[in-house]
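Enquirer: Before anything else, here's the structure in question.
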Amino acid sequence: MATVPDHVPAELVKDFSYFTGPGMCPMRGGDPQGALAALHDGPPVFYAPNNTYDGYGTWVFVRAEDQRRVLQDAETFSSHRKIFEKALGYDLPTIPLEVDPPEHGAYRSLLNPLLSPKRVMAMETANRARAVELIEAIKAKGNDCEVMNEFAFPFAVGVFLEFLGLPQSRREEFLGWADKQFHGTPEERGEAIRTVIAFMQELVELRRREPAEDFMTFVVQAKVDGREMTDKEAVGMGALLFVAGLDTVAAAIGFDFRYLAENPKQQEELRAEPKGVVLAVEELLRAFPTVIMTRIASRDTEYDGIKIKKGDRISCPSMVANRDPEEFPDPNTIDLARPNNRHVAFAYGPHRCLGSHLARRELAIAMEEWLKRIPTFRLKDDVAPTTYGGHVFGIEDVRLAWGAAGQ
Amino acid sequence: MKIRVVKEKCAGHARCWAQSPEIYDLDDEGYILDHDIDVPEGQERAAWLGAKSCPERALVIEDYKKDSAA
């Protein structure tokens with residue numbers, strides 16, 4: 001176990017890790033979110049000495065109410081954790097995620113309208129057509145498929161390219177970068193991050209020279225605090241879109257489809273009553289969120305008598321808040337029509353996921369169009385998907401079959 | 001029935017609006033408008049559902065009579 005800082009009392013230390021703990025390692029038929037829900041049986045705040053992939057300890061906040069307090073206080077609990085520094089050798093803050101209030105407000109205000117609920121509705125037709133095209137291609141091919149590679153990732157990447165104003169012909173290239181960045185070895189990850197950053201830098205330069213009707217043109221022409229955006233700022237925004245918008249949406253589609261494959265009755269109910277999909281997507285976001293929010297204390301502070309020092313890492317697992325019995329009756333029961341579902345798959349506070357409205361629509365469109373076009377589906381040959389923990393939970397393969405396939 | 005809006009807590013989830021668009025108005029950025037809401041008679045249930053859906057607890061229900069939302 002890694003060293004425990006002096007200010008952490010021994011009774012608050014718990015041997016725990018998002019990467020190696022029970023249910024967290026990659027395994028077939030795993031349930032990493034369900035495994036973490038067991039934290040509600042223990043102390044509400046504890047210290048895990050080795051809880052990041054690069055060997056740092058983190059405080060873990062278990063209760064929804066405590067996570068809410070931490071994440072709403074972005075000045076004490078900074079979101080600037082320098083996620084690219086190791087790979088790049090210099091700090092490139094992803095914007096607006098890694099900029100805290102009050103500076104955060106100007107960037108956030110600039111980008112909010114691009115991803116507001118109303119704006120997302122305007123993208124609906126194109127995004128739905130993209131989902132339909134992919135599903136029809138799968139259907140034409142036969143009676144089975146692997147959802148992550150054949151649908152979830154191509155769909156999420158397609159939406160991303162459209163949002164950025166890039167041609168769909170670049171999909172394969174982006175898929176390759178995404179695969180390496182999210183699922184590669186540490187070396188491959190570093191290389192993919194540098195590739196993405198270099199790509200964004202080129203895009204910024206191109207749009208300064210040749211403006212178009214797209215996201216990066218908007219960014220390089222926008223004024224923040226009365227001045228033009230720097231290259232570094234524009235690149236940091238593009239990089240965040242890439243990191244935040246691909247793996248998370250694809251993983252959520254994977255978890256959702258696995259759930260429906262394993263629960264044919266609920267699958268049929270939704271197929272018969274497609275209006276239920278919007279609520280079902282919310283409940284599946286509650287049950288299977290993928291992101292663990294990490295913060296860094298910007299100053300020495302105290303939280304209900306616990307001493308937290310400047311530089312301490314604080315971890316708020318959304319999947320644990322979402323299974324808090326104080327917040328949700330019967331938290332481990334999945335009720336696709338659950339009312340009052342104030343889940344926090346998209347975090348709390350000023351850094352609440354900027355892309356959440358788009359992500360929700362992507363999930364609903366994916367499920368609606370899939371259920372409409374693919375008959376009752378199941379896990380192919382009863383092969384359960386491989387799931388894993390970490391800072392972003394994921395699912396590697398979701399092999400589905402329908403009709404006579406595999407029988 | 002009145003809904004008190006704690007604007008500084010609004011983080012733009014827009015769950016209130018998704019639940020009850022007739023009660024809750026959003027600005028162009030997707031955040032709630034900065035004024036308390038007098039709920040018209042007959043819309044208490046919708047207002048209650050919207051307020052209960054806020055993950056940030058930014059919508060406080062006041063003068064709530066249980067019968068009216070039942």
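Chain identifiers are assigned as A, B, and so on, following the order in which chains appear in the structure tokens; residues are numbered from 1 within each chain, and ligands are numbered from 1 in order of appearance.
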For the contact check between chain A and chain B, emit one row per residue of chain A within 10 Å, containing the shortest atom pair and the distance in Å rounded to one decimal, counting only C-alpha atoms, chain then rising number order, as CSV.

Expert:
residue,atom,partner,partner_atom,distance
A:Ala64,CA,B:Pro55,CA,9.6
A:Glu65,CA,B:Glu56,CA,9.6
A:Arg68,CA,B:Glu56,CA,7.1
A:Arg69,CA,B:Glu56,CA,9.4
A:Leu71,CA,B:Glu56,CA,10.0
A:Gln72,CA,B:Lys9,CA,7.6
A:Arg108,CA,B:Glu29,CA,9.0
A:Ser109,CA,B:Glu29,CA,6.8
A:Leu110,CA,B:Glu29,CA,8.7
A:Leu111,CA,B:Glu29,CA,8.3
A:Asn112,CA,B:Glu29,CA,4.9
A:Pro113,CA,B:Glu29,CA,4.6
A:Leu114,CA,B:Glu29,CA,8.2
A:Leu115,CA,B:Glu29,CA,8.1
A:Ser116,CA,B:Gly30,CA,5.1
A:Pro117,CA,B:Gly30,CA,6.3
A:Lys118,CA,B:Gly30,CA,7.9
A:Arg119,CA,B:Asp28,CA,9.0
A:Glu327,CA,B:Pro55,CA,9.9
A:Pro339,CA,B:Leu49,CA,8.5
A:Asn340,CA,B:Ser53,CA,5.1
A:Asn341,CA,B:Ser53,CA,6.1
A:Arg342,CA,B:Pro55,CA,4.8
A:His343,CA,B:Pro55,CA,6.6
A:Val344,CA,B:Pro55,CA,6.7
A:Phe346,CA,B:His13,CA,8.4
A:Ala347,CA,B:Pro55,CA,8.8
A:Tyr348,CA,B:Glu56,CA,6.4
A:Gly349,CA,B:Ala11,CA,5.5
A:Pro350,CA,B:Ala11,CA,5.4
A:His351,CA,B:Ala11,CA,7.6
A:Arg352,CA,B:Ala11,CA,6.2
A:Cys353,CA,B:His13,CA,8.4
A:Leu354,CA,B:Gly12,CA,8.6
A:Ser356,CA,B:His13,CA,7.7
A:His357,CA,B:His13,CA,8.0

Enquirer: Fewer than 4 positions away in the same chain doesn't count, so skip those; otherwise give me all residues within 12 Å of Gly34 of chain A, counting only C-alpha atoms, as a PDB file with N, CA and C atoms, in the first residue's frame.

Expert:
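The result, stored in result-v9.pdb:
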ATOM      1  N   PRO A  22     -12.425  -5.339  -5.528  1.00  0.00           N
ATOM      2  CA  PRO A  22     -13.392  -6.356  -5.964  1.00  0.00           C
ATOM      3  C   PRO A  22     -14.378  -5.780  -6.983  1.00  0.00           C
ATOM      4  N   GLY A  23     -14.518  -6.466  -8.098  1.00  0.00           N
ATOM      5  CA  GLY A  23     -15.453  -6.018  -9.129  1.00  0.00           C
ATOM      6  C   GLY A  23     -14.882  -4.993 -10.085  1.00  0.00           C
ATOM      7  N   MET A  24     -13.651  -4.542  -9.842  1.00  0.00           N
ATOM      8  CA  MET A  24     -13.093  -3.453 -10.660  1.00  0.00           C
ATOM      9  C   MET A  24     -12.218  -3.955 -11.810  1.00  0.00           C
ATOM     10  N   GLY A  29     -19.056 -10.648 -17.370  1.00  0.00           N
ATOM     11  CA  GLY A  29     -20.226 -10.675 -16.498  1.00  0.00           C
ATOM     12  C   GLY A  29     -20.075  -9.810 -15.257  1.00  0.00           C
ATOM     13  N   GLY A  30     -19.125  -8.863 -15.272  1.00  0.00           N
ATOM     14  CA  GLY A  30     -18.906  -8.015 -14.102  1.00  0.00           C
ATOM     15  C   GLY A  30     -19.998  -6.969 -13.932  1.00  0.00           C
ATOM     16  N   ALA A  38     -21.624  -1.185  -2.599  1.00  0.00           N
ATOM     17  CA  ALA A  38     -21.373  -1.733  -1.266  1.00  0.00           C
ATOM     18  C   ALA A  38     -20.664  -0.731  -0.359  1.00  0.00           C
ATOM     19  N   LEU A  39     -20.088   0.324  -0.932  1.00  0.00           N
ATOM     20  CA  LEU A  39     -19.423   1.331  -0.093  1.00  0.00           C
ATOM     21  C   LEU A  39     -20.386   1.982   0.890  1.00  0.00           C
ATOM     22  N   HIS A  40     -21.686   1.927   0.597  1.00  0.00           N
ATOM     23  CA  HIS A  40     -22.652   2.528   1.525  1.00  0.00           C
ATOM     24  C   HIS A  40     -22.710   1.784   2.860  1.00  0.00           C
ATOM     25  N   ARG A 286     -28.641   6.322 -14.073  1.00  0.00           N
ATOM     26  CA  ARG A 286     -28.499   6.240 -12.613  1.00  0.00           C
ATOM     27  C   ARG A 286     -27.791   4.936 -12.215  1.00  0.00           C
ATOM     28  N   ALA A 287     -28.220   3.845 -12.821  1.00  0.00           N
ATOM     29  CA  ALA A 287     -27.698   2.543 -12.416  1.00  0.00           C
ATOM     30  C   ALA A 287     -26.272   2.293 -12.924  1.00  0.00           C
ATOM     31  N   PHE A 288     -25.986   2.772 -14.126  1.00  0.00           N
ATOM     32  CA  PHE A 288     -24.687   2.465 -14.747  1.00  0.00           C
ATOM     33  C   PHE A 288     -23.951   3.711 -15.240  1.00  0.00           C
ATOM     34  N   PRO A 289     -23.732   4.685 -14.370  1.00  0.00           N
ATOM     35  CA  PRO A 289     -22.950   5.842 -14.819  1.00  0.00           C
ATOM     36  C   PRO A 289     -21.502   5.405 -14.979  1.00  0.00           C
ATOM     37  N   THR A 290     -20.719   6.184 -15.683  1.00  0.00           N
ATOM     38  CA  THR A 290     -19.372   5.715 -16.004  1.00  0.00           C
ATOM     39  C   THR A 290     -18.254   6.589 -15.433  1.00  0.00           C
ATOM     40  N   SER A 318     -19.776   8.883  -9.129  1.00  0.00           N
ATOM     41  CA  SER A 318     -21.200   9.113  -9.412  1.00  0.00           C
ATOM     42  C   SER A 318     -22.014   7.839  -9.185  1.00  0.00           C
ATOM     43  N   MET A 319     -21.384   6.690  -9.455  1.00  0.00           N
ATOM     44  CA  MET A 319     -22.138   5.428  -9.320  1.00  0.00           C
ATOM     45  C   MET A 319     -22.492   5.142  -7.869  1.00  0.00           C
ATOM     46  N   VAL A 320     -21.707   5.692  -6.938  1.00  0.00           N
ATOM     47  CA  VAL A 320     -22.013   5.471  -5.523  1.00  0.00           C
ATOM     48  C   VAL A 320     -23.108   6.432  -5.064  1.00  0.00           C
ATOM     49  N   ALA A 321     -22.995   7.708  -5.462  1.00  0.00           N
ATOM     50  CA  ALA A 321     -24.062   8.666  -5.142  1.00  0.00           C
ATOM     51  C   ALA A 321     -25.393   8.171  -5.699  1.00  0.00           C
ATOM     52  N   ASN A 322     -25.339   7.577  -6.874  1.00  0.00           N
ATOM     53  CA  ASN A 322     -26.566   7.123  -7.535  1.00  0.00           C
ATOM     54  C   ASN A 322     -27.199   5.901  -6.877  1.00  0.00           C
ATOM     55  N   ARG A 323     -26.486   5.275  -5.941  1.00  0.00           N
ATOM     56  CA  ARG A 323     -27.056   4.127  -5.219  1.00  0.00           C
ATOM     57  C   ARG A 323     -27.213   4.477  -3.734  1.00  0.00           C
ATOM     58  N   ASP A 324     -27.293   5.759  -3.413  1.00  0.00           N
ATOM     59  CA  ASP A 324     -27.418   6.200  -2.025  1.00  0.00           C
ATOM     60  C   ASP A 324     -28.864   6.009  -1.565  1.00  0.00           C
ATOM     61  N   PRO A 331     -32.316   1.629  -3.957  1.00  0.00           N
ATOM     62  CA  PRO A 331     -31.345   2.088  -4.968  1.00  0.00           C
ATOM     63  C   PRO A 331     -30.811   0.999  -5.890  1.00  0.00           C
ATOM     64  N   ASN A 332     -30.788  -0.247  -5.400  1.00  0.00           N
ATOM     65  CA  ASN A 332     -30.213  -1.295  -6.252  1.00  0.00           C
ATOM     66  C   ASN A 332     -31.236  -1.967  -7.155  1.00  0.00           C
ATOM     67  N   THR A 333     -32.491  -1.521  -7.056  1.00  0.00           N
ATOM     68  CA  THR A 333     -33.512  -2.021  -7.971  1.00  0.00           C
ATOM     69  C   THR A 333     -33.563  -1.113  -9.189  1.00  0.00           C
ATOM     70  N   ILE A 334     -33.540  -1.716 -10.370  1.00  0.00           N
ATOM     71  CA  ILE A 334     -33.621  -0.911 -11.588  1.00  0.00           C
ATOM     72  C   ILE A 334     -35.077  -0.847 -12.032  1.00  0.00           C
ATOM     73  N   THR A 387     -16.595  -6.164 -18.346  1.00  0.00           N
ATOM     74  CA  THR A 387     -16.707  -4.813 -17.777  1.00  0.00           C
ATOM     75  C   THR A 387     -15.451  -4.514 -16.965  1.00  0.00           C
ATOM     76  N   TYR A 388     -15.225  -3.253 -16.716  1.00  0.00           N
ATOM     77  CA  TYR A 388     -14.073  -2.882 -15.879  1.00  0.00           C
ATOM     78  C   TYR A 388     -14.331  -1.571 -15.142  1.00  0.00           C
ATOM     79  N   GLY A 389     -13.589  -1.381 -14.040  1.00  0.00           N
ATOM     80  CA  GLY A 389     -13.653  -0.138 -13.264  1.00  0.00           C
ATOM     81  C   GLY A 389     -12.615   0.857 -13.755  1.00  0.00           C
ATOM     82  N   PHE A 393     -15.617   3.994 -16.016  1.00  0.00           N
ATOM     83  CA  PHE A 393     -16.018   2.597 -16.094  1.00  0.00           C
ATOM     84  C   PHE A 393     -16.365   2.260 -17.541  1.00  0.00           C
TER      85      PHE A 393
END

Enquirer: Work out how far apart atom CA of Gly105 of chain A and atom CA of Asp73 of chain A are and give it in Å to one decimal.

Expert: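 Taking atom CA of Gly105 of chain A and atom CA of Asp73 of chain A, their separation equals 14.0 Å.
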
Enquirer: For Pro154 of chain A, find every residue with an atom within 9 Å (counting only C-alpha atoms), except residues of its own chain fewer than 4 positions away, and show them as a PyMOL selection string.

Expert: chain A and resi 134+148-150+158-159+171-172+175+250

Enquirer: Produce a file of the selected residues containing N, CA and C atoms, as a CSV table (one decimal), in the first residue's frame.

Expert:
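Result saved to result-v2.csv:
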chain,number,residue,atom,x,y,z
A,134,LEU,N,-26.4,3.2,-39.3
A,134,LEU,CA,-25.6,2.1,-38.7
A,134,LEU,C,-26.4,0.9,-38.4
A,148,MET,N,-20.3,-2.6,-29.4
A,148,MET,CA,-19.3,-1.5,-29.2
A,148,MET,C,-18.6,-1.0,-30.5
A,149,ASN,N,-18.1,-2.0,-31.2
A,149,ASN,CA,-17.4,-1.7,-32.4
A,149,ASN,C,-18.3,-1.4,-33.6
A,150,GLU,N,-19.4,-2.1,-33.7
A,150,GLU,CA,-20.2,-1.9,-34.9
A,150,GLU,C,-21.3,-0.8,-34.7
A,158,GLY,N,-19.3,9.6,-34.9
A,158,GLY,CA,-20.1,10.3,-36.0
A,158,GLY,C,-20.7,11.6,-35.5
A,159,VAL,N,-21.3,11.5,-34.3
A,159,VAL,CA,-21.9,12.7,-33.7
A,159,VAL,C,-20.9,13.8,-33.4
A,171,ARG,N,-13.9,9.1,-39.9
A,171,ARG,CA,-14.4,8.4,-38.8
A,171,ARG,C,-13.4,7.3,-38.3
A,172,GLU,N,-12.9,6.5,-39.3
A,172,GLU,CA,-12.0,5.4,-38.9
A,172,GLU,C,-10.8,5.9,-38.2
A,175,LEU,N,-11.7,6.9,-34.7
A,175,LEU,CA,-12.0,5.7,-34.0
A,175,LEU,C,-10.7,5.1,-33.5
A,250,ALA,N,-20.3,6.0,-25.6
A,250,ALA,CA,-20.2,4.6,-26.1
A,250,ALA,C,-20.4,3.6,-25.0

Enquirer: Looking at A:Cys145, A:Ala212, A:Ile135, A:Ala280, which one is nearest to Gly165 of chain A, with distances taken over only C-alpha atoms?

Expert: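 Answer, going by the shortest atom-to-atom distance: A:Ala212.
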
Enquirer: Please, what distance in Å, to one decimal, runs between atom CA of Gln221 of chain A and atom CA of Gly355 of chain A?

Expert: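 Separating atom CA of Gln221 of chain A from atom CA of Gly355 of chain A is a distance of 21.2 Å.
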
Enquirer: With a distance cut-off of 12 Å and only C-alpha atoms, select the neighbouring residues of Pro43 of chain A, excluding the residue or stretch itself and same-chain residues fewer than 4 positions from it, and output the selection as an mmCIF file with N, CA, C and O atoms, in the first residue's frame.

Expert:
data_model
loop_
_atom_site.group_PDB
_atom_site.id
_atom_site.type_symbol
_atom_site.label_atom_id
_atom_site.label_comp_id
_atom_site.auth_asym_id
_atom_site.auth_seq_id
_atom_site.Cartn_x
_atom_site.Cartn_y
_atom_site.Cartn_z
ATOM 1 N N GLU A 11 -7.766 5.432 11.268
ATOM 2 C CA GLU A 11 -9.093 4.798 11.217
ATOM 3 C C GLU A 11 -9.869 5.180 9.956
ATOM 4 O O GLU A 11 -10.883 4.569 9.633
ATOM 5 N N LEU A 12 -9.386 6.196 9.218
ATOM 6 C CA LEU A 12 -10.079 6.571 7.978
ATOM 7 C C LEU A 12 -9.444 5.950 6.737
ATOM 8 O O LEU A 12 -9.884 6.176 5.615
ATOM 9 N N VAL A 13 -8.387 5.166 6.945
ATOM 10 C CA VAL A 13 -7.701 4.561 5.799
ATOM 11 C C VAL A 13 -8.349 3.222 5.463
ATOM 12 O O VAL A 13 -8.632 2.417 6.338
ATOM 13 N N LYS A 14 -8.601 3.036 4.164
ATOM 14 C CA LYS A 14 -9.247 1.798 3.739
ATOM 15 C C LYS A 14 -8.517 1.294 2.494
ATOM 16 O O LYS A 14 -8.238 2.071 1.586
ATOM 17 N N ALA A 38 -21.624 -1.185 -2.599
ATOM 18 C CA ALA A 38 -21.373 -1.733 -1.266
ATOM 19 C C ALA A 38 -20.664 -0.731 -0.359
ATOM 20 O O ALA A 38 -20.645 -0.896 0.861
ATOM 21 N N LEU A 39 -20.088 0.324 -0.932
ATOM 22 C CA LEU A 39 -19.423 1.331 -0.093
ATOM 23 C C LEU A 39 -20.386 1.982 0.890
ATOM 24 O O LEU A 39 -19.970 2.542 1.901
ATOM 25 N N TYR A 47 -10.090 7.335 3.237
ATOM 26 C CA TYR A 47 -8.906 7.615 2.420
ATOM 27 C C TYR A 47 -8.391 6.313 1.820
ATOM 28 O O TYR A 47 -8.160 5.338 2.536
ATOM 29 N N ALA A 48 -8.243 6.299 0.501
ATOM 30 C CA ALA A 48 -7.724 5.124 -0.206
ATOM 31 C C ALA A 48 -6.320 5.472 -0.722
ATOM 32 O O ALA A 48 -6.184 6.299 -1.621
ATOM 33 N N TRP A 59 -9.199 10.810 -1.236
ATOM 34 C CA TRP A 59 -10.343 10.724 -0.338
ATOM 35 C C TRP A 59 -11.524 10.233 -1.183
ATOM 36 O O TRP A 59 -11.671 10.659 -2.337
ATOM 37 N N VAL A 60 -12.331 9.365 -0.618
ATOM 38 C CA VAL A 60 -13.518 8.915 -1.348
ATOM 39 C C VAL A 60 -14.760 9.375 -0.584
ATOM 40 O O VAL A 60 -14.896 9.100 0.615
ATOM 41 N N PHE A 61 -15.618 10.111 -1.265
ATOM 42 C CA PHE A 61 -16.876 10.576 -0.680
ATOM 43 C C PHE A 61 -18.006 9.679 -1.156
ATOM 44 O O PHE A 61 -18.231 9.548 -2.357
ATOM 45 N N VAL A 62 -18.691 9.082 -0.208
ATOM 46 C CA VAL A 62 -19.658 8.045 -0.521
ATOM 47 C C VAL A 62 -21.076 8.595 -0.715
ATOM 48 O O VAL A 62 -21.751 8.263 -1.679
ATOM 49 N N ARG A 63 -21.498 9.460 0.193
ATOM 50 C CA ARG A 63 -22.908 9.895 0.168
ATOM 51 C C ARG A 63 -23.179 10.954 -0.897
ATOM 52 O O ARG A 63 -22.344 11.832 -1.138
#

Enquirer: Quick one: residues within 10 Å of segment 195-200 of chain A, only C-alpha atoms, excluding same-chain residues fewer than 6 positions away - as a PyMOL selection string?

Expert: chain A and resi 84+88+92+174+177-178+181+189+206+216+231-232+234-239+242-243

Enquirer: To one decimal in Å, tell me the separation between atom CA of Gly42 of chain A and atom CA of Gly305 of chain A.

Expert: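 Going from atom CA of Gly42 of chain A over to atom CA of Gly305 of chain A covers 17.7 Å.
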
Enquirer: For a quick check of understanding, using only C-alpha atoms, which of A:Asp300, A:Asn50, A:Gly245, A:Arg373 has the smallest distance to Ala140 of chain A?

Expert: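 Once distances to Ala140 of chain A are computed over only C-alpha atoms, the minimum belongs to A:Arg373.
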
Enquirer: Taking the DSSP secondary structure from the backbone, can you list the residues of segment 138-365 of chain A that are strand (DSSP E or B), as number ranges by chain?

Expert: A: 144-146, 223-224, 227-228, 291-297, 301-303, 306-308, 313-317
